[in-house]
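Peer 1: So here's input25.cif (mmCIF, C-alpha atoms).
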data_target
loop_
_atom_site.label_atom_id
_atom_site.label_comp_id
_atom_site.auth_asym_id
_atom_site.auth_seq_id
_atom_site.Cartn_x
_atom_site.Cartn_y
_atom_site.Cartn_z
CA MET A 1 111.73 106.54 158.52
CA THR A 2 111.19 109.47 160.89
CA GLY A 3 113.11 112.62 161.75
CA ALA A 4 114.23 115.66 159.79
CA LEU A 5 115.63 115.70 156.28
CA GLY A 6 116.50 119.13 155.01
CA GLU A 7 113.56 121.30 155.97
CA LEU A 8 111.14 118.38 155.88
CA GLN A 9 109.87 116.84 159.13
CA ILE A 10 108.94 113.18 158.90
CA PHE A 11 106.72 111.62 161.55
CA ALA A 12 105.13 108.20 161.79
CA LEU A 13 101.80 109.40 160.42
CA ALA A 14 102.60 112.56 158.47
CA VAL A 15 105.25 114.66 156.75
CA GLY A 16 105.40 118.41 156.47
CA VAL A 17 107.03 121.66 157.47
CA PRO A 18 106.08 123.41 160.73
CA GLY A 19 104.42 126.81 160.71
CA GLU A 20 101.24 128.63 161.65
CA PRO A 21 98.56 128.26 160.53
CA LEU A 22 99.10 124.58 159.83
CA HIS A 23 96.93 123.06 157.14
CA GLU A 24 96.69 119.55 155.80
CA ILE A 25 97.18 118.76 152.14
CA THR A 26 96.16 115.57 150.34
CA GLY A 27 98.32 112.57 151.12
CA THR A 28 99.60 111.89 147.61
CA ARG A 29 102.94 112.25 145.88
CA GLU A 30 101.40 114.70 143.38
CA ALA A 31 99.92 116.90 146.11
CA VAL A 32 103.21 117.11 148.00
CA PHE A 33 105.12 117.82 144.78
CA ASN A 34 102.70 120.52 143.67
CA HIS A 35 102.57 122.14 147.12
CA THR A 36 106.33 122.43 147.38
CA ARG A 37 106.79 123.93 143.90
CA SER A 38 106.46 127.46 145.31
CA ASP A 39 107.65 129.21 148.48
CA ASP A 40 105.76 131.19 151.10
CA HIS A 41 105.87 134.23 148.78
CA GLY A 42 104.38 132.24 145.91
CA ARG A 43 107.66 132.20 144.03
CA TYR A 44 108.49 129.18 141.91
CA ARG A 45 111.19 126.96 143.46
CA PRO A 46 113.41 125.65 140.62
CA LEU A 47 115.96 124.27 143.10
CA SER A 48 114.34 121.53 145.13
CA GLY A 49 116.87 121.79 147.93
CA ALA A 50 116.53 125.55 148.38
CA ARG A 51 115.75 126.48 151.97
CA THR A 52 112.47 127.99 150.85
CA LEU A 53 110.02 125.16 151.39
CA PRO A 54 106.57 126.53 152.15
CA THR A 55 105.80 126.40 155.86
CA GLY A 56 102.70 125.38 157.76
CA TRP A 57 101.59 122.21 156.02
CA SER A 58 101.42 118.49 156.59
CA ALA A 59 100.46 115.52 154.47
CA PRO A 60 99.16 112.30 156.03
CA LEU A 61 101.13 109.14 155.36
CA GLY A 62 99.19 106.06 154.40
CA PRO A 63 98.25 103.98 151.37
CA GLY A 64 98.47 107.01 149.06
CA LEU A 65 101.81 108.31 150.29
CA SER A 66 104.78 106.65 151.94
CA ALA A 67 107.49 108.64 153.70
CA GLU A 68 109.92 107.66 150.95
CA GLU A 69 107.54 108.91 148.25
CA ALA A 70 107.10 112.19 150.08
CA VAL A 71 110.87 112.68 150.33
CA GLU A 72 111.25 111.86 146.64
CA ALA A 73 108.56 114.42 145.77
CA VAL A 74 110.29 117.14 147.78
CA TYR A 75 113.97 116.22 147.31
CA PRO A 76 114.31 114.04 144.18
CA LEU A 77 116.99 111.32 144.44
CA ALA A 78 117.91 112.34 148.01
CA LEU A 79 117.47 108.85 149.42
CA VAL A 80 119.32 107.21 146.51
CA HIS A 81 122.24 109.60 146.94
CA GLN A 82 122.27 109.13 150.72
CA ARG A 83 122.44 105.37 150.29
CA GLN A 84 125.11 105.51 147.58
CA PHE A 85 127.15 107.99 149.64
CA ALA A 86 127.00 105.68 152.67
CA GLU A 87 128.02 102.71 150.50
CA GLY A 88 130.81 104.67 148.84
CA THR A 89 129.27 104.17 145.38
CA LEU A 90 128.04 107.72 144.74
CA ARG A 91 129.37 108.95 141.36
CA VAL A 92 130.76 112.41 142.13
CA VAL A 93 131.46 114.70 139.17
CA PRO A 94 133.93 117.59 139.53
CA LEU A 95 132.70 121.08 138.72
CA GLU A 96 135.33 121.48 136.01
CA ASP A 97 133.84 118.50 134.14
CA VAL A 98 130.32 119.91 134.40
CA LEU A 99 131.29 123.38 133.19
CA THR A 100 133.55 122.27 130.34
CA ARG A 101 130.99 119.87 128.87
CA GLN A 102 128.43 122.66 128.42
CA SER A 103 127.58 123.97 124.98
CA GLY A 104 125.55 126.85 123.64
CA ARG A 105 124.66 129.64 126.04
CA TYR A 106 126.16 127.84 129.06
CA GLU A 107 129.66 127.42 127.60
CA ALA A 108 130.58 130.78 129.10
CA GLY A 109 130.31 129.42 132.65
CA ALA A 110 133.64 127.61 132.29
CA SER A 111 135.46 130.94 132.19
CA LEU A 112 134.41 131.78 135.76
CA SER A 113 137.53 132.20 137.90
CA GLU A 114 138.43 129.90 140.79
CA SER A 115 137.48 132.57 143.32
CA GLY A 116 134.26 133.17 141.40
CA ARG A 117 133.46 129.46 141.53
CA ARG A 118 134.05 129.38 145.28
CA LEU A 119 131.80 132.38 145.71
CA ALA A 120 129.15 130.74 143.52
CA VAL A 121 129.29 127.66 145.76
CA SER A 122 128.76 129.73 148.89
CA THR A 123 126.03 131.79 147.21
CA ILE A 124 123.97 129.00 145.61
CA CYS A 125 124.85 125.91 147.62
CA GLY A 126 124.67 127.97 150.81
CA GLU A 127 120.95 128.30 150.11
CA CYS A 128 120.47 124.57 149.53
CA VAL A 129 120.01 121.71 151.99
CA ARG A 130 122.06 119.37 149.79
CA LYS A 131 125.75 119.22 150.63
CA PRO A 132 127.97 119.72 147.56
CA VAL A 133 130.36 116.83 147.99
CA TRP A 134 131.63 117.72 144.49
CA ALA A 135 133.06 120.83 146.17
CA ASP A 136 134.49 118.77 149.04
CA ALA A 137 131.73 119.80 151.45
CA SER A 138 131.41 117.63 154.52
CA CYS A 139 128.23 115.58 154.65
CA SER A 140 126.97 113.41 157.46
CA HIS A 141 124.89 110.32 156.78
CA GLU A 142 121.83 112.24 157.98
CA GLU A 143 122.33 114.95 155.37
CA ILE A 144 121.74 114.87 151.60
CA PRO A 145 124.88 114.67 149.47
CA CYS A 146 124.90 116.54 146.14
CA PRO A 147 127.11 114.66 143.66
CA GLU A 148 127.17 117.11 140.76
CA ALA A 149 126.61 120.81 140.16
CA CYS A 150 122.99 121.35 139.13
CA SER A 151 121.61 123.35 136.22
CA VAL A 152 120.79 126.28 138.50
CA PHE A 153 124.43 126.42 139.53
CA VAL A 154 125.59 126.23 135.91
CA ALA A 155 123.22 129.03 134.93
CA PHE A 156 124.54 131.14 137.80
CA CYS A 157 128.15 130.51 136.70
CA ARG A 158 127.26 131.80 133.23
CA GLU A 159 126.01 135.07 134.65
CA ALA A 160 128.83 135.36 137.20
CA ALA A 161 131.44 134.92 134.46
CA GLN A 162 129.94 137.96 132.72
CA TRP A 163 129.90 139.95 135.97
CA GLU A 164 133.63 139.26 136.36
CA THR A 165 134.40 140.77 132.97
CA GLY A 166 132.21 143.81 133.50
CA ARG A 167 130.78 144.31 136.95
CA PRO A 168 127.19 145.54 136.70
CA ALA A 169 125.77 148.06 139.13
CA SER A 170 124.31 146.66 142.31
CA ALA A 171 120.65 147.05 143.18
CA GLU A 172 118.60 146.61 146.33
CA PRO A 173 117.74 142.93 146.82
CA ASP A 174 114.11 142.41 145.89
CA ALA A 175 112.33 139.29 147.20
CA THR A 176 109.63 139.61 144.54
CA ILE A 177 112.09 138.90 141.71
CA ALA A 178 112.16 135.28 140.55
CA TRP A 179 114.62 133.23 142.59
CA ALA A 180 116.65 132.14 139.55
CA ALA A 181 116.37 135.32 137.45
CA PHE A 182 120.07 135.94 137.90
CA ASP A 183 120.23 138.45 135.05
CA GLN A 184 117.76 140.76 136.74
CA PRO A 185 119.03 143.56 138.98
CA GLY A 186 117.66 143.00 142.46
CA ASN A 187 117.74 139.22 142.28
CA GLU A 188 118.78 138.27 145.79
CA LEU A 189 121.48 135.76 144.81
CA ARG A 190 122.91 138.09 142.16
CA GLU A 191 123.12 140.97 144.62
CA HIS A 192 124.72 138.74 147.27
CA PHE A 193 127.38 137.60 144.79
CA LEU A 194 128.10 141.14 143.58
CA LYS A 195 128.46 142.38 147.15
CA GLU A 196 130.81 139.55 148.06
CA MET A 197 132.83 140.09 144.87
CA ASP A 198 133.86 143.47 146.23
CA GLN A 199 135.19 142.09 149.51
CA PRO A 200 138.98 141.86 149.77
CA ARG A 201 140.18 138.23 149.77
CA MET B 1 109.14 95.06 132.60
CA THR B 2 110.74 98.30 131.54
CA THR B 3 111.53 101.57 133.26
CA LEU B 4 110.27 104.51 131.25
CA VAL B 5 112.04 107.86 131.52
CA LEU B 6 110.33 110.95 130.18
CA VAL B 7 112.87 113.69 129.57
CA GLY B 8 112.00 117.32 129.03
CA HIS B 9 113.35 120.84 129.07
CA GLY B 10 111.92 122.29 132.29
CA SER B 11 112.59 125.83 133.39
CA HIS B 12 114.29 127.81 136.14
CA LEU B 13 111.59 130.47 135.87
CA ASN B 14 108.29 128.90 134.90
CA ALA B 15 106.70 125.97 136.74
CA ASN B 16 104.31 125.39 133.84
CA SER B 17 107.16 124.33 131.59
CA SER B 18 107.40 120.85 133.07
CA ALA B 19 103.76 120.50 134.11
CA PRO B 20 102.64 118.44 131.08
CA ILE B 21 105.51 116.00 131.53
CA HIS B 22 104.60 115.48 135.18
CA ALA B 23 100.96 115.05 134.17
CA HIS B 24 101.78 112.52 131.44
CA ALA B 25 104.09 110.64 133.83
CA GLY B 26 101.27 110.50 136.38
CA GLU B 27 98.88 109.05 133.81
CA LEU B 28 101.45 106.51 132.66
CA ARG B 29 102.01 105.43 136.29
CA ARG B 30 98.24 104.95 136.65
CA ARG B 31 98.22 102.78 133.52
CA ALA B 32 100.88 100.58 135.18
CA LEU B 33 102.36 99.44 131.87
CA PHE B 34 105.92 100.09 132.99
CA GLU B 35 107.87 98.97 136.03
CA ARG B 36 108.59 102.59 136.87
CA VAL B 37 108.01 105.95 135.22
CA LEU B 38 110.71 108.53 135.90
CA THR B 39 111.06 112.14 134.80
CA GLY B 40 114.30 113.99 134.06
CA PHE B 41 114.90 117.58 133.00
CA TRP B 42 117.52 119.88 131.53
CA LYS B 43 116.58 122.69 133.90
CA GLU B 44 114.81 121.00 136.78
CA GLU B 45 115.29 117.99 139.01
CA PRO B 46 115.99 115.20 138.71
CA SER B 47 118.54 116.36 136.16
CA LEU B 48 119.17 114.53 132.92
CA ALA B 49 122.63 113.72 134.23
CA ARG B 50 121.38 112.02 137.38
CA VAL B 51 117.88 110.72 136.65
CA LEU B 52 119.12 107.15 136.24
CA ASP B 53 121.01 107.18 139.56
CA GLY B 54 119.87 104.16 141.53
CA CYS B 55 118.04 102.66 138.55
CA ASP B 56 119.36 99.13 138.11
CA ASP B 57 116.49 97.90 135.94
CA PRO B 58 117.81 95.91 132.98
CA GLU B 59 115.54 97.58 130.41
CA VAL B 60 115.20 101.35 130.27
CA VAL B 61 113.56 103.41 127.56
CA VAL B 62 114.10 107.17 127.35
CA VAL B 63 111.46 109.20 125.49
CA PRO B 64 112.28 112.85 124.78
CA VAL B 65 109.18 114.96 125.26
CA PHE B 66 110.35 117.50 122.70
CA ILE B 67 108.87 118.58 119.39
CA SER B 68 112.03 118.94 117.32
CA ASN B 69 114.82 116.53 116.65
CA GLY B 70 117.44 119.20 117.17
CA TYR B 71 120.00 120.52 119.63
CA PHE B 72 118.44 119.07 122.76
CA THR B 73 117.64 115.61 121.43
CA LYS B 74 120.86 115.23 119.46
CA THR B 75 123.39 116.99 121.69
CA VAL B 76 122.22 117.84 125.21
CA ILE B 77 120.28 114.73 126.23
CA PRO B 78 122.82 112.16 124.93
CA ARG B 79 125.69 114.13 126.48
CA GLU B 80 124.05 114.63 129.87
CA MET B 81 122.67 111.07 130.09
CA ARG B 82 125.90 109.57 128.67
CA LEU B 83 124.01 107.82 125.89
CA ASP B 84 125.89 106.25 122.98
CA GLY B 85 123.03 106.42 120.49
CA PRO B 86 119.67 104.68 120.02
CA VAL B 87 120.88 101.89 122.31
CA THR B 88 123.34 102.18 125.20
CA VAL B 89 124.54 99.15 127.09
CA ARG B 90 125.80 99.99 130.56
CA GLY B 91 126.77 96.88 132.48
CA GLU B 92 123.64 94.74 132.73
CA GLN B 93 121.45 97.63 131.66
CA ARG B 94 120.17 98.33 128.15
CA ILE B 95 118.98 101.89 127.57
CA ARG B 96 116.91 102.58 124.48
CA TYR B 97 116.65 106.21 123.35
CA THR B 98 113.68 106.96 121.11
CA ARG B 99 112.89 109.75 118.74
CA PRO B 100 111.13 112.78 120.25
CA ILE B 101 107.35 112.75 120.36
CA GLY B 102 107.34 115.45 117.66
CA ALA B 103 108.85 112.95 115.22
CA ASP B 104 106.06 110.42 115.61
CA ALA B 105 103.37 110.73 112.96
CA SER B 106 100.66 109.91 115.49
CA LEU B 107 101.14 113.35 117.06
CA ALA B 108 99.29 114.76 114.04
CA SER B 109 96.06 113.25 115.37
CA VAL B 110 96.55 115.29 118.55
CA ILE B 111 96.87 118.44 116.45
CA VAL B 112 93.63 117.54 114.70
CA GLU B 113 91.98 116.99 118.09
CA ARG B 114 93.14 120.38 119.32
CA ALA B 115 91.71 122.00 116.20
CA LEU B 116 88.37 120.19 116.48
CA GLU B 117 88.11 121.06 120.18
CA ALA B 118 88.47 124.71 119.12
CA GLY B 119 85.54 124.28 116.74
CA ALA B 120 87.46 123.87 113.48
CA THR B 121 85.34 122.92 110.48
CA ALA B 122 86.06 121.70 106.96
CA ASP B 123 86.06 125.32 105.75
CA ASP B 124 88.85 126.41 108.10
CA ALA B 125 92.61 126.62 107.84
CA ILE B 126 94.83 124.91 110.43
CA ALA B 127 98.04 126.79 111.19
CA VAL B 128 100.54 124.50 112.90
CA LEU B 129 102.67 126.97 114.83
CA GLY B 130 106.20 125.80 115.60
CA HIS B 131 109.08 127.53 117.33
CA GLY B 132 111.66 127.21 114.54
CA THR B 133 115.10 128.73 114.64
CA ARG B 134 117.43 130.29 112.13
CA ARG B 135 120.36 128.39 113.66
CA GLU B 136 119.25 124.77 113.22
CA SER B 137 117.60 123.71 109.97
CA GLU B 138 116.65 120.31 111.44
CA SER B 139 114.37 122.06 113.93
CA GLU B 140 111.68 122.86 111.35
CA LYS B 141 111.36 119.38 109.87
CA ASN B 142 108.91 117.92 112.37
CA VAL B 143 106.73 121.02 112.21
CA TYR B 144 106.46 120.79 108.42
CA ALA B 145 105.88 117.02 108.66
CA MET B 146 103.05 117.48 111.16
CA ALA B 147 101.41 120.18 109.07
CA GLU B 148 101.60 117.88 106.06
CA GLN B 149 100.02 115.03 108.04
CA VAL B 150 97.17 117.30 109.06
CA ARG B 151 96.72 118.45 105.46
CA GLU B 152 96.63 114.84 104.25
CA THR B 153 93.70 114.04 106.53
CA GLY B 154 91.63 116.17 104.15
CA ARG B 155 89.48 117.35 107.03
CA PHE B 156 90.24 121.03 106.63
CA ALA B 157 90.36 123.50 103.75
CA GLU B 158 94.03 124.28 104.40
CA ALA B 159 96.83 123.23 106.69
CA GLY B 160 100.38 124.50 106.90
CA ALA B 161 103.27 125.47 109.12
CA ILE B 162 104.12 128.90 110.51
CA PHE B 163 106.85 129.79 112.96
CA LEU B 164 107.68 131.96 115.91
CA ASP B 165 111.34 132.43 115.01
CA GLN B 166 111.75 131.79 111.28
CA GLU B 167 109.92 132.18 108.01
CA PRO B 168 107.05 131.88 107.30
CA GLY B 169 106.51 133.93 110.42
CA MET B 170 103.34 133.89 112.48
CA LEU B 171 102.77 137.59 111.88
CA ASP B 172 102.08 136.72 108.21
CA LEU B 173 99.35 134.33 109.30
CA LEU B 174 96.58 135.99 107.30
CA ASP B 175 98.73 136.08 104.16
CA VAL B 176 99.77 132.43 104.40
CA PHE B 177 96.19 131.16 104.77
CA GLN B 178 93.11 132.21 102.81
CA ALA B 179 90.23 130.72 104.85
CA ALA B 180 87.88 133.02 106.74
CA THR B 181 88.76 131.23 109.97
CA VAL B 182 92.31 130.23 110.84
CA VAL B 183 92.83 127.91 113.79
CA VAL B 184 96.32 128.31 115.26
CA VAL B 185 97.53 125.17 117.01
CA PRO B 186 100.80 125.76 118.91
CA LEU B 187 103.08 122.77 118.37
CA PHE B 188 104.75 123.32 121.72
CA ILE B 189 105.09 121.05 124.73
CA ALA B 190 104.01 123.41 127.48
CA ASP B 191 101.69 126.26 128.20
CA GLY B 192 104.77 128.28 129.10
CA TRP B 193 106.27 131.64 128.28
CA HIS B 194 105.81 131.47 124.50
CA VAL B 195 102.35 129.90 124.34
CA GLY B 196 101.01 131.85 127.29
CA GLN B 197 102.64 135.22 126.75
CA THR B 198 104.84 136.03 123.76
CA ILE B 199 102.67 134.51 121.01
CA PRO B 200 99.34 135.99 122.18
CA ALA B 201 101.06 139.34 122.69
CA GLU B 202 102.74 139.42 119.27
CA LEU B 203 99.60 138.26 117.47
CA ALA B 204 97.48 140.69 119.55
CA LEU B 205 95.09 137.89 120.46
CA ASP B 206 92.09 138.58 122.69
CA GLY B 207 91.85 135.02 123.89
CA ALA B 208 90.60 131.84 122.27
CA GLU B 209 89.00 133.78 119.39
CA THR B 210 90.04 137.09 117.85
CA ARG B 211 88.65 139.09 114.94
CA MET B 212 91.53 140.18 112.75
CA GLY B 213 91.36 141.91 109.35
CA GLY B 214 87.73 140.88 108.91
CA ARG B 215 88.60 137.25 109.60
CA THR B 216 88.61 135.00 112.66
CA VAL B 217 91.71 133.61 114.35
CA ARG B 218 91.26 130.88 116.93
CA TYR B 219 94.09 129.97 119.28
CA THR B 220 94.18 126.57 120.95
CA PRO B 221 96.11 125.27 123.96
CA PRO B 222 99.46 123.68 123.05
CA VAL B 223 99.61 120.19 121.62
CA GLY B 224 101.93 118.93 124.37
CA THR B 225 99.41 119.34 127.18
CA HIS B 226 96.75 117.23 125.46
CA ARG B 227 95.92 113.98 127.27
CA GLN B 228 96.35 111.99 124.02
CA VAL B 229 100.08 112.78 124.07
CA VAL B 230 100.33 109.96 126.60
CA ASP B 231 99.39 107.53 123.82
CA VAL B 232 102.17 108.90 121.61
CA ILE B 233 104.68 108.44 124.43
CA GLU B 234 103.44 104.92 125.06
CA ARG B 235 103.78 104.04 121.38
CA LEU B 236 107.35 105.33 121.24
CA ALA B 237 108.26 103.55 124.46
CA ASN B 238 106.88 100.29 123.16
CA GLY B 239 108.87 100.61 119.96
CA THR B 240 105.80 100.91 117.76
CA GLN B 241 106.83 104.17 116.14
CA GLU B 242 104.95 105.51 113.15
#
Can you dump the structure from the file as structure tokens?
Peer 2:
Amino acid sequence: MTGALGELQIFALAVGVPGEPLHEITGTREAVFNHTRSDDHGRYRPLSGARTLPTGWSAPLGPGLSAEEAVEAVYPLALVHQRQFAEGTLRVVPLEDVLTRQSGRYEAGASLSESGRRLAVSTICGECVRKPVWADASCSHEEIPCPEACSVFVAFCREAAQWETGRPASAEPDATIAWAAFDQPGNELREHFLKEMDQPR
Amino acid sequence: MTTLVLVGHGSHLNANSSAPIHAHAGELRRRALFERVLTGFWKEEPSLARVLDGCDDPEVVVVPVFISNGYFTKTVIPREMRLDGPVTVRGEQRIRYTRPIGADASLASVIVERALEAGATADDAIAVLGHGTRRESESEKNVYAMAEQVRETGRFAEAGAIFLDQEPGMLDLLDVFQAATVVVVPLFIADGWHVGQTIPAELALDGAETRMGGRTVRYTPPVGTHRQVVDVIERLANGTQE
């Protein structure tokens, strides 16, 4: 397999993400996984599909790393979901099912309004290379379908449901705050959501 | 051959949370005892809900890399993975769901190893430090059981359980144990937020060894990151639980 998948470039002899300076990492599944755990700012990437892959690296393909293994390390289950989507066998779970089955601290996410859920989709999924087919997003066979809202999305819904009942003050977006620290003022995704909440619809 | 699935908590904020599970999965792949070794997480990817997507292998065994047999092992994992109980039959596939590693008696030997690696002697006390919770009484059981197993080895002057979030609390460490040196072994999976930050901060630890009230407190890495945990996982996966 060659071409682009998400932010990943796949060539006959290597995989990686363009950028200068370009450096080579070890051609193993573990090395690719570990290298793509943080972004260019050193922030942990809890959402594999987030458009924050570190730039300027390549990993040689060979006996220690196949293209499929590299894709699995960067975007877990992407190839399985692509295949199942093409075959029409992908099990797609509606957001309502995901939110209503939660218990404990994440139960609150189910109370997020319809408009809040749509805004959460544009805020979180808009930052992800996977296409949320559970939210009726279009997805070509070259793209990665997302069959079910992920835990990051559920966690965001929990916070957003609280923001709907008592809107917190906005803060300046701060790129040094953890990507998924949605409860922290300045978190970029939180501030985006709060700003969009105020827009007339 | 069987597909082994290690399931863990993971984190949206701390990459270290899942690191031991990835490391143990890597070692198990090298041992080549299973057809495939997969990992699934509550808060990372692949998710618990989707980790078996595309897995058509007839025999699957799911091992929870958790200490307690509590909320996650009894509620979250079965719900997210759509498991019916210890055995789930889904078409041609049979999925066996084991107890968590913290429920297997062999984990006590890993606690002993951690203590010995920290220099524990027969005169010392071993404090098995668990998370605990005031909300779920089941959570403490494995911690007490492990402490008892360590005590029964007879290798140390004392051994007992203390907790981060219930009584007996870790701040009473020097009252609970009488030995001049107390070796605190965190019965946690990962070197994450609690083990790396909150516990050392609350106990005012200087590092691996701290003088406290005229006595010595040693603090070891967590049990879950020890390489011998792989053997515990393998035993559970093979159905040879202790």
Peer 1: For the PyMOL selection byres ((chain B and resi 105) around 9), applied here, can you spell out every residue it catches as a list in words?
Peer 2: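 Taken on the displayed file, the PyMOL selection byres ((chain B and resi 105) around 9) yields the residues Ile101, Gly102, Ala103, Asp104, Ser106, Leu107, Ala108, Ser109, Ala145, Met146, Gln149, Val232, Gln241 and Glu242 of chain B.
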Peer 1: Just give me the gap between CA of Glu152 (chain B) and CA of Arg135 (chain B) in Å, one decimal is fine.
Peer 2: 28.9 Å
Peer 1: Distance limit 9 Å, atoms considered: all atoms listed in the file. Which chain B residues sit that close to chain A? Return them as a list in words.
Peer 2: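 Selected residues: Ser11, His12, Leu13, Asn14, Ala15, His22, Gly26, Trp42, Lys43, Glu44, Glu45, Pro46, Ser47, Ala49, Arg50, Val51, Asp53, Gly54, Thr75, Val76, Arg79 and Glu80 of chain B.
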Peer 1: Which residue is closest to Asp56 (chain B)? Choose from B:Val87, B:Ile95, B:Ala179, B:Ala23 and count all atoms listed in the file.
Peer 2: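 Closest candidate: B:Ile95.
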Peer 1: For a cutoff of 9 Å around the file-coordinate point (101.1, 125.1, 129.2), which residues qualify once you count all atoms listed in the file? I'd like the result as a list in words.
Peer 2: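 Nearby residues: Asn16, Ser17, Ser18, Ala19, Pro20, Phe188, Ile189, Ala190, Asp191, Gly192, Trp193, Val195, Gly196, Pro221, Pro222, Gly224 and Thr225 of chain B.
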Peer 1: Emit the selected residues as an mmCIF file, in the coordinates of the input, including C-alpha atoms.
Peer 2:
data_model
loop_
_atom_site.group_PDB
_atom_site.id
_atom_site.type_symbol
_atom_site.label_atom_id
_atom_site.label_comp_id
_atom_site.auth_asym_id
_atom_site.auth_seq_id
_atom_site.Cartn_x
_atom_site.Cartn_y
_atom_site.Cartn_z
ATOM 1 C CA ASN B 16 104.310 125.390 133.840
ATOM 2 C CA SER B 17 107.160 124.330 131.590
ATOM 3 C CA SER B 18 107.400 120.850 133.070
ATOM 4 C CA ALA B 19 103.760 120.500 134.110
ATOM 5 C CA PRO B 20 102.640 118.440 131.080
ATOM 6 C CA PHE B 188 104.750 123.320 121.720
ATOM 7 C CA ILE B 189 105.090 121.050 124.730
ATOM 8 C CA ALA B 190 104.010 123.410 127.480
ATOM 9 C CA ASP B 191 101.690 126.260 128.200
ATOM 10 C CA GLY B 192 104.770 128.280 129.100
ATOM 11 C CA TRP B 193 106.270 131.640 128.280
ATOM 12 C CA VAL B 195 102.350 129.900 124.340
ATOM 13 C CA GLY B 196 101.010 131.850 127.290
ATOM 14 C CA PRO B 221 96.110 125.270 123.960
ATOM 15 C CA PRO B 222 99.460 123.680 123.050
ATOM 16 C CA GLY B 224 101.930 118.930 124.370
ATOM 17 C CA THR B 225 99.410 119.340 127.180
#
Peer 1: When you look at Pro145 (chain A) with a cut-off of 8 Å (counting all atoms listed in the file), what residues show up, excluding the ones that are within fewer than 3 positions of it in the same chain? I need them as a list in words.
Peer 2: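 Counting only the stated atoms, we get Ala78, His81, Gln82, Phe85, Arg130, Lys131, Pro132, Val133 and Cys139 of chain A.
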Peer 1: Pull out every residue that the PyMOL selection byres ((chain A and resi 2-10) around 10) matches in the shown coordinates and put them as a ChimeraX atom specification.
Peer 2: /A:1,11-18,49-55,58-59,61,67-68,70-71,74-75,78-79,128-130,142-144
Peer 1: Evaluate the PyMOL selection byres ((chain A and resi 113) around 12) on the structure here and hand back the selected residues as a ChimeraX atom specification.
Peer 2: /A:96,99,108-112,114-120,157-158,160-165,197
Peer 1: Using all atoms listed in the file, find the one residue out of B:Phe163, B:Asp231, B:Val182, B:Val5 that sits nearest to Ser139 (chain B).
Peer 2: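 Closest to Ser139 (chain B) of all the choices is B:Phe163.
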Peer 1: Please return as a list in words every residue within 9 Å of (104.8, 110.6, 133.4), taking into account only C-alpha atoms and the file's own coordinates.
Peer 2: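 Taken together, the residues in range are Leu4, Val5, Leu6, Pro20, Ile21, His22, Ala23, His24, Ala25, Gly26, Glu27, Leu28, Arg29, Val37, Leu38, Thr39 and Val230 of chain B.
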Peer 1: Env of Gly154 (chain B): 12 Å cut, atoms = only C-alpha atoms, seq-sep filter 3 positions within chain, self excluded. Answer as an mmCIF file with C-alpha atoms, in the frame of the given file.
Peer 2:
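Now in around_7.cif:
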data_model
loop_
_atom_site.group_PDB
_atom_site.id
_atom_site.type_symbol
_atom_site.label_atom_id
_atom_site.label_comp_id
_atom_site.auth_asym_id
_atom_site.auth_seq_id
_atom_site.Cartn_x
_atom_site.Cartn_y
_atom_site.Cartn_z
ATOM 1 C CA VAL B 112 93.630 117.540 114.700
ATOM 2 C CA THR B 121 85.340 122.920 110.480
ATOM 3 C CA ALA B 122 86.060 121.700 106.960
ATOM 4 C CA ASP B 123 86.060 125.320 105.750
ATOM 5 C CA ASP B 124 88.850 126.410 108.100
ATOM 6 C CA ALA B 125 92.610 126.620 107.840
ATOM 7 C CA ILE B 126 94.830 124.910 110.430
ATOM 8 C CA ALA B 147 101.410 120.180 109.070
ATOM 9 C CA GLU B 148 101.600 117.880 106.060
ATOM 10 C CA GLN B 149 100.020 115.030 108.040
ATOM 11 C CA VAL B 150 97.170 117.300 109.060
ATOM 12 C CA ARG B 151 96.720 118.450 105.460
ATOM 13 C CA ALA B 157 90.360 123.500 103.750
ATOM 14 C CA GLU B 158 94.030 124.280 104.400
ATOM 15 C CA ALA B 159 96.830 123.230 106.690
#
Peer 1: If you measure from CA of Ile124 (chain A) to CA of Glu69 (chain A), what distance in Å do you get, rounded to one decimal?
Peer 2: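 Rounded to one decimal, the two atoms are 26.1 Å apart.
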Peer 1: What does the distance from CA of Glu202 (chain B) to CA of Gln184 (chain A) come to in Å, to one decimal?
Peer 2: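 Interatomic distance here is 23.1 Å.
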Peer 1: Considering all atoms listed in the file, can you say which of B:Ile67, B:Ala118, B:Asn238, B:Pro58 comes closest to Lys141 (chain B)?
Peer 2: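 Under the stated criterion, the closest residue is B:Ile67.
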